Amino acid sequence: MKLITAIIKPHQLDEVKEALEAFGVAGMTISEASGYGRQRGHSEVYRGAEYTVDFVPKVRLEVLVDDIDAPDVLEVILKAAQTGRIGDGKIWSVPVDEVVRVRTGERGVSAL
Amino acid sequence: MKLITAIIKPHQLDEVKEALEAFGVAGMTISEASGYGRQRGHSEVYRGAEYTVDFVPKVRLEVLVDDIDAPDVLEVILKAAQTGRIGDGKIWSVPVDEVVRVRTGERGVSAL
Amino acid sequence: MKLITAIIKPHQLDEVKEALEAFGVAGMTISEASGYGRQRGHSEVYRGAEYTVDFVPKVRLEVLVDDIDAPDVLEVILKAAQTGRIGDGKIWSVPVDEVVRVRTGERGVSAL
Ligand SMILES: Nc1ncnc2c1ncn2[C@@H]1O[C@H](COP(=O)(O)OP(=O)(O)OP(=O)(O)O)[C@@H](O)[C@H]1O
Ligand SMILES: Nc1ncnc2c1ncn2[C@@H]1O[C@H](COP(=O)(O)OP(=O)(O)OP(=O)(O)O)[C@@H](O)[C@H]1O
Ligand SMILES: Nc1ncnc2c1ncn2[C@@H]1O[C@H](COP(=O)(O)OP(=O)(O)OP(=O)(O)O)[C@@H](O)[C@H]1O
Ligand SMILES: [Mg+2]
Ligand SMILES: [Mg+2]
Ligand SMILES: [Mg+2]
């Protein structure tokens, strides 16, 4: 299994969420984050305001998936998160040894 | 070493924390998250209110452990987080290459 | 590639950020977290107040780096985060299978 993490623009969350649901992803976790990429000094627009400060608000999205689905899920997030403007985000994938579904105690792919 | 991450019900945090301490875990990190699993459309109850919105508040718990302790720590969290009701959470384990304790510069298992 | 995560004192963020920039890191993500290490019962000082509660506010910093840079980046964070007092933090490194830069679709090291 893989844990796919995406740091995306807050504006794009609905689109990414809907694209993941359309693909058939069973669940996801989000949290607040902030950050910056290569344009440290540049300003980014967020909620109509221009940010010259370094850390721009982002949404962190995490999705646990079966290995076989990982490339497709990454592609689904990529397409839905892309606006073509700087600060669109990063997506990464990390290997996962074990997953457990707490209510049932199921493990592995059937726990997803 | 392993990084065990659990997305649990906020109500269960105290129980999970006490169970981990009783087991002998040396430290932990928590943060706010929200998410949903397989019952996308269903409502969940949080702080007396019924949530029909997608993202239900959760606590994200992270524990760095030695490989040999990982299965037990996962089991400890599983038992303490379980209420038997939907939305009880997910736990996963990821391989960790290196850990450093900042104050002392210790590395590996002695840094935990 | 590696994902280096550091749980540091909020006070040290500026110093860590500047040290990472001086090293040449292209981007980073931060978020709020809280936690504790080995001095569960001990109090820590945060913003002039003594915390006897378990969970002390921390900053979680994440940096995606090329494998070859990982040991140096870890060292840079270690030096900049160190105050010599308890609660200085933990740093860990996790293997990353894939990174994508959303705007351009670039993958791997060129996506960092
Ligand atoms: N090397 C990195 N490590 C960790 N997080 C990063 C890294 N680079 C970027 N991020 C996170 O991703 C978010 C979006 O980055 P961003 O899209 O600006 O990357 P970029 O490489 O500068 O691409 P672009 O040129 O399209 O802006 C940042 O706000 C930050 O939270
Ligand atoms: N595939 C997933 N990827 C990432 N996070 C997930 C995933 N599935 C669930 N989560 C996280 O775990 C939390 C709890 O999920 P939940 O317990 O509802 O899973 P479930 O499979 O629907 O189990 P149950 O049937 O017991 O409700 C969610 O709110 C979400 O934050
Ligand atoms: N085993 C662990 N798993 C996950 N997070 C941890 C662990 N230990 C510590 N942390 C996180 O790192 C933060 C800082 O830990 P801390 O520096 O107090 O570790 P320590 O081993 O007690 O070192 P020191 O003796 O210098 O205080 C904690 O607030 C917590 O968020
Ligand atoms: Mg950028
Ligand atoms: Mg559910
Ligand atoms: Mg400590």
# chains A, B, ... in the order shown; residues from 1 in each chain; ligands from 1
>>> residues_near_ligand(ligand="ligand 2", cutoff="6 Å", atoms="only C-alpha atoms and all ligand atoms", output="compact mmCIF listing (two decimals) with all heavy atoms, in the first residue's frame")
# COMPACT_ATOMS: atom_id res chain seq x y z
N ALA A 26 -11.94 5.42 -1.22
CA ALA A 26 -12.86 5.13 -0.12
C ALA A 26 -12.82 6.15 1.01
O ALA A 26 -13.77 6.25 1.78
CB ALA A 26 -12.54 3.75 0.46
N GLY A 27 -11.76 6.90 1.13
CA GLY A 27 -11.66 7.84 2.23
C GLY A 27 -10.47 8.76 2.06
O GLY A 27 -9.62 8.55 1.18
N MET A 28 -10.42 9.78 2.88
CA MET A 28 -9.27 10.70 2.81
C MET A 28 -9.19 11.50 4.10
O MET A 28 -10.16 11.58 4.86
CB MET A 28 -9.39 11.62 1.60
CG MET A 28 -10.54 12.58 1.60
SD MET A 28 -10.74 13.43 -0.02
CE MET A 28 -11.51 12.14 -1.01
N THR A 29 -8.01 12.07 4.34
CA THR A 29 -7.78 12.91 5.51
C THR A 29 -7.23 14.25 5.03
O THR A 29 -6.37 14.28 4.14
CB THR A 29 -6.75 12.24 6.45
OG1 THR A 29 -7.29 10.98 6.87
CG2 THR A 29 -6.46 13.09 7.67
N GLU A 62 -4.34 13.55 2.41
CA GLU A 62 -3.70 12.24 2.47
C GLU A 62 -4.68 11.14 2.07
O GLU A 62 -5.82 11.12 2.55
CB GLU A 62 -3.20 11.95 3.89
CG GLU A 62 -1.98 12.78 4.26
CD GLU A 62 -1.70 12.71 5.73
OE1 GLU A 62 -2.58 13.15 6.51
OE2 GLU A 62 -0.61 12.24 6.11
N VAL A 63 -4.21 10.24 1.23
CA VAL A 63 -5.04 9.14 0.77
C VAL A 63 -4.24 7.85 0.82
O VAL A 63 -3.17 7.74 0.22
CB VAL A 63 -5.50 9.37 -0.69
CG1 VAL A 63 -6.58 8.35 -1.05
CG2 VAL A 63 -6.02 10.77 -0.90
N LEU A 64 -4.77 6.88 1.55
CA LEU A 64 -4.18 5.54 1.58
C LEU A 64 -4.76 4.74 0.42
O LEU A 64 -5.99 4.67 0.28
CB LEU A 64 -4.55 4.83 2.88
CG LEU A 64 -3.93 5.38 4.16
CD1 LEU A 64 -4.72 4.90 5.36
CD2 LEU A 64 -2.46 4.95 4.26
N ARG A 101 -8.11 -1.02 9.96
CA ARG A 101 -9.40 -0.32 10.10
C ARG A 101 -9.83 -0.54 11.54
O ARG A 101 -10.06 -1.68 11.97
CB ARG A 101 -10.39 -0.94 9.13
CG ARG A 101 -11.77 -0.30 9.08
CD ARG A 101 -12.64 -1.09 8.13
NE ARG A 101 -13.94 -0.49 7.92
CZ ARG A 101 -14.90 -1.05 7.19
NH1 ARG A 101 -14.67 -2.22 6.57
NH2 ARG A 101 -16.07 -0.46 7.04
N ARG A 103 -12.46 0.03 13.59
CA ARG A 103 -13.72 -0.56 14.06
C ARG A 103 -13.74 -2.07 13.93
O ARG A 103 -14.20 -2.78 14.82
CB ARG A 103 -14.91 0.05 13.29
CG ARG A 103 -16.25 -0.54 13.75
CD ARG A 103 -17.43 0.21 13.15
NE ARG A 103 -17.44 0.16 11.71
CZ ARG A 103 -18.06 -0.76 10.97
NH1 ARG A 103 -18.71 -1.75 11.55
NH2 ARG A 103 -18.02 -0.70 9.65
N LEU A 112 -8.68 -0.64 3.78
CA LEU A 112 -8.70 0.70 3.15
C LEU A 112 -10.12 1.26 3.05
O LEU A 112 -11.07 0.51 2.88
CB LEU A 112 -8.08 0.63 1.75
CG LEU A 112 -6.58 0.37 1.73
CD1 LEU A 112 -6.11 0.24 0.28
CD2 LEU A 112 -5.82 1.48 2.43
N ILE B 7 -5.47 7.94 12.79
CA ILE B 7 -6.51 8.96 12.70
C ILE B 7 -7.65 8.45 13.57
O ILE B 7 -8.27 7.43 13.24
CB ILE B 7 -6.99 9.15 11.25
CG1 ILE B 7 -5.81 9.39 10.29
CG2 ILE B 7 -8.02 10.28 11.18
CD1 ILE B 7 -5.11 10.71 10.47
N SER B 34 -9.12 16.28 9.65
CA SER B 34 -10.51 15.86 9.49
C SER B 34 -10.57 14.97 8.26
O SER B 34 -9.66 14.96 7.43
CB SER B 34 -11.44 17.05 9.38
OG SER B 34 -11.08 17.89 8.33
N GLY B 35 -11.63 14.18 8.18
CA GLY B 35 -11.68 13.26 7.06
C GLY B 35 -12.94 12.45 7.06
O GLY B 35 -13.87 12.71 7.81
N TYR B 36 -12.95 11.48 6.16
CA TYR B 36 -14.06 10.54 6.15
C TYR B 36 -13.60 9.22 5.54
O TYR B 36 -12.56 9.16 4.89
CB TYR B 36 -15.28 11.09 5.40
CG TYR B 36 -15.03 11.42 3.96
CD1 TYR B 36 -15.14 10.42 2.98
CD2 TYR B 36 -14.70 12.70 3.56
CE1 TYR B 36 -14.93 10.72 1.64
CE2 TYR B 36 -14.48 13.00 2.24
CZ TYR B 36 -14.60 12.01 1.28
OH TYR B 36 -14.38 12.29 -0.04
N GLY B 37 -14.36 8.18 5.81
CA GLY B 37 -14.04 6.85 5.29
C GLY B 37 -15.15 6.40 4.35
O GLY B 37 -15.58 7.17 3.50
N ARG B 38 -15.61 5.18 4.53
CA ARG B 38 -16.51 4.59 3.54
C ARG B 38 -17.94 5.11 3.58
O ARG B 38 -18.69 4.88 2.65
CB ARG B 38 -16.54 3.07 3.76
CG ARG B 38 -15.15 2.48 3.67
CD ARG B 38 -15.19 0.98 3.69
NE ARG B 38 -13.87 0.48 4.05
CZ ARG B 38 -13.55 -0.80 4.04
NH1 ARG B 38 -14.44 -1.70 3.70
NH2 ARG B 38 -12.34 -1.18 4.37
N GLN B 39 -18.33 5.77 4.67
CA GLN B 39 -19.73 6.22 4.78
C GLN B 39 -19.84 7.68 4.37
O GLN B 39 -20.41 8.50 5.08
CB GLN B 39 -20.27 6.04 6.20
CG GLN B 39 -20.31 4.61 6.70
CD GLN B 39 -18.97 4.13 7.19
OE1 GLN B 39 -18.07 4.93 7.42
NE2 GLN B 39 -18.80 2.83 7.33
N VAL B 56 -15.25 15.08 8.93
CA VAL B 56 -15.51 15.00 10.36
C VAL B 56 -14.19 15.23 11.12
O VAL B 56 -13.16 14.67 10.73
CB VAL B 56 -16.06 13.60 10.72
CG1 VAL B 56 -16.33 13.48 12.21
CG2 VAL B 56 -17.32 13.32 9.92
N ILE B 86 -19.10 3.45 13.60
CA ILE B 86 -18.45 3.89 12.37
C ILE B 86 -17.61 5.13 12.63
O ILE B 86 -17.90 5.92 13.52
CB ILE B 86 -19.44 4.15 11.22
CG1 ILE B 86 -20.45 5.24 11.59
CG2 ILE B 86 -20.14 2.87 10.80
CD1 ILE B 86 -21.21 5.78 10.38
N GLY B 87 -16.54 5.25 11.87
CA GLY B 87 -15.66 6.39 12.01
C GLY B 87 -14.58 6.21 13.07
O GLY B 87 -13.93 7.18 13.46
N ASP B 88 -14.40 4.99 13.53
CA ASP B 88 -13.41 4.73 14.59
C ASP B 88 -11.97 5.01 14.18
O ASP B 88 -11.12 5.24 15.04
CB ASP B 88 -13.50 3.27 15.04
CG ASP B 88 -14.38 3.11 16.27
OD1 ASP B 88 -14.86 4.13 16.80
OD2 ASP B 88 -14.57 1.96 16.70
N GLY B 89 -11.70 4.98 12.88
CA GLY B 89 -10.37 5.42 12.45
C GLY B 89 -9.55 4.41 11.69
O GLY B 89 -9.98 3.28 11.41
N LYS B 90 -8.37 4.87 11.31
CA LYS B 90 -7.38 4.07 10.59
C LYS B 90 -6.05 4.21 11.30
O LYS B 90 -5.75 5.27 11.85
CB LYS B 90 -7.17 4.61 9.16
CG LYS B 90 -8.37 4.62 8.28
CD LYS B 90 -8.65 3.26 7.67
CE LYS B 90 -9.86 3.39 6.76
NZ LYS B 90 -10.40 2.11 6.30
>>> select_by_dssp(residues="chain B", states="strand (DSSP E)", output="PyMOL selection string")
chain B and resi 2-8+28-36+44-46+49-51+56-65+89-95+98-101
>>> write_last_selection(atoms="C-alpha atoms", output="CSV table (one decimal), in the first residue's frame")
chain,number,residue,atom,x,y,z
B,2,LYS,CA,8.5,2.8,12.1
B,3,LEU,CA,6.3,5.8,12.2
B,4,ILE,CA,2.8,4.7,13.3
B,5,THR,CA,0.1,7.2,12.4
B,6,ALA,CA,-3.5,6.9,13.7
B,7,ILE,CA,-6.5,9.0,12.7
B,8,ILE,CA,-8.8,8.6,15.7
B,28,MET,CA,4.0,11.2,20.7
B,29,THR,CA,2.9,14.0,18.4
B,30,ILE,CA,-0.7,15.0,17.8
B,31,SER,CA,-2.4,17.4,15.4
B,32,GLU,CA,-5.8,18.3,14.1
B,33,ALA,CA,-7.2,16.7,11.0
B,34,SER,CA,-10.5,15.9,9.5
B,35,GLY,CA,-11.7,13.3,7.1
B,36,TYR,CA,-14.1,10.5,6.2
B,44,GLU,CA,-21.4,10.9,12.2
B,45,VAL,CA,-22.0,12.3,15.6
B,46,TYR,CA,-19.3,14.6,17.0
B,49,ALA,CA,-24.0,17.3,16.8
B,50,GLU,CA,-24.7,15.1,13.7
B,51,TYR,CA,-22.3,15.8,10.8
B,56,VAL,CA,-15.5,15.0,10.4
B,57,PRO,CA,-13.0,16.3,12.9
B,58,LYS,CA,-10.3,13.7,13.9
B,59,VAL,CA,-7.1,13.6,15.9
B,60,ARG,CA,-4.0,12.6,14.1
B,61,LEU,CA,-1.5,10.8,16.4
B,62,GLU,CA,2.0,9.9,15.5
B,63,VAL,CA,4.4,7.6,17.3
B,64,LEU,CA,8.0,6.7,16.4
B,65,VAL,CA,8.9,3.2,17.5
B,89,GLY,CA,-10.4,5.4,12.5
B,90,LYS,CA,-7.4,4.1,10.6
B,91,ILE,CA,-3.9,3.2,11.7
B,92,TRP,CA,-0.9,2.8,9.4
B,93,SER,CA,2.8,2.1,9.7
B,94,VAL,CA,5.6,3.6,7.5
B,95,PRO,CA,9.3,2.6,7.4
B,98,GLU,CA,16.6,7.7,10.5
B,99,VAL,CA,15.6,9.4,13.8
B,100,VAL,CA,17.5,12.1,15.6
B,101,ARG,CA,16.9,13.5,19.1
>>> select_by_dssp(residues="chain C", states="helix (DSSP H, G or I)", output="PyMOL selection string")
chain C and resi 10-23+67-81+108-111
>>> write_last_selection(atoms="C-alpha atoms", output="PDB file, in the first residue's frame")
ATOM      1  CA  PRO C  10       8.042  27.202  17.500  1.00  0.00           C
ATOM      2  CA  HIS C  11      10.723  29.702  18.590  1.00  0.00           C
ATOM      3  CA  GLN C  12      13.309  27.969  16.433  1.00  0.00           C
ATOM      4  CA  LEU C  13      11.321  28.040  13.201  1.00  0.00           C
ATOM      5  CA  ASP C  14      12.895  31.199  11.813  1.00  0.00           C
ATOM      6  CA  GLU C  15      16.389  29.933  12.483  1.00  0.00           C
ATOM      7  CA  VAL C  16      15.651  26.553  10.894  1.00  0.00           C
ATOM      8  CA  LYS C  17      13.994  28.159   7.882  1.00  0.00           C
ATOM      9  CA  GLU C  18      16.934  30.508   7.300  1.00  0.00           C
ATOM     10  CA  ALA C  19      19.441  27.690   7.657  1.00  0.00           C
ATOM     11  CA  LEU C  20      17.521  25.583   5.130  1.00  0.00           C
ATOM     12  CA  GLU C  21      17.363  28.478   2.689  1.00  0.00           C
ATOM     13  CA  ALA C  22      21.085  29.134   3.091  1.00  0.00           C
ATOM     14  CA  PHE C  23      21.668  25.473   2.292  1.00  0.00           C
ATOM     15  CA  ASP C  67      18.637  11.211  -1.372  1.00  0.00           C
ATOM     16  CA  ILE C  68      22.074  12.720  -1.713  1.00  0.00           C
ATOM     17  CA  ASP C  69      21.067  15.839   0.216  1.00  0.00           C
ATOM     18  CA  ALA C  70      19.190  14.059   2.991  1.00  0.00           C
ATOM     19  CA  PRO C  71      22.041  13.694   5.539  1.00  0.00           C
ATOM     20  CA  ASP C  72      23.094  17.334   5.099  1.00  0.00           C
ATOM     21  CA  VAL C  73      19.553  18.673   5.373  1.00  0.00           C
ATOM     22  CA  LEU C  74      19.029  16.651   8.531  1.00  0.00           C
ATOM     23  CA  GLU C  75      22.245  18.118   9.947  1.00  0.00           C
ATOM     24  CA  VAL C  76      21.220  21.665   8.996  1.00  0.00           C
ATOM     25  CA  ILE C  77      17.885  21.279  10.799  1.00  0.00           C
ATOM     26  CA  LEU C  78      19.567  19.652  13.803  1.00  0.00           C
ATOM     27  CA  LYS C  79      21.995  22.522  14.295  1.00  0.00           C
ATOM     28  CA  ALA C  80      19.433  25.266  13.789  1.00  0.00           C
ATOM     29  CA  ALA C  81      16.791  23.660  16.036  1.00  0.00           C
ATOM     30  CA  GLY C 108      11.278  12.834  -9.428  1.00  0.00           C
ATOM     31  CA  VAL C 109      14.218  15.006  -8.462  1.00  0.00           C
ATOM     32  CA  SER C 110      13.305  17.676 -11.012  1.00  0.00           C
ATOM     33  CA  ALA C 111       9.945  18.060  -9.254  1.00  0.00           C
TER      34      ALA C 111
END
>>> closest_residue(among="A:Arg107, A:Val102, A:Phe55, A:Arg40", to="ligand 5", atoms="only C-alpha atoms and all ligand atoms")
A:Val102
>>> closest_residue(among="C:Lys9, C:Asp66, C:Met1, C:Glu106", to="ligand 3", atoms="only C-alpha atoms and all ligand atoms")
C:Lys9
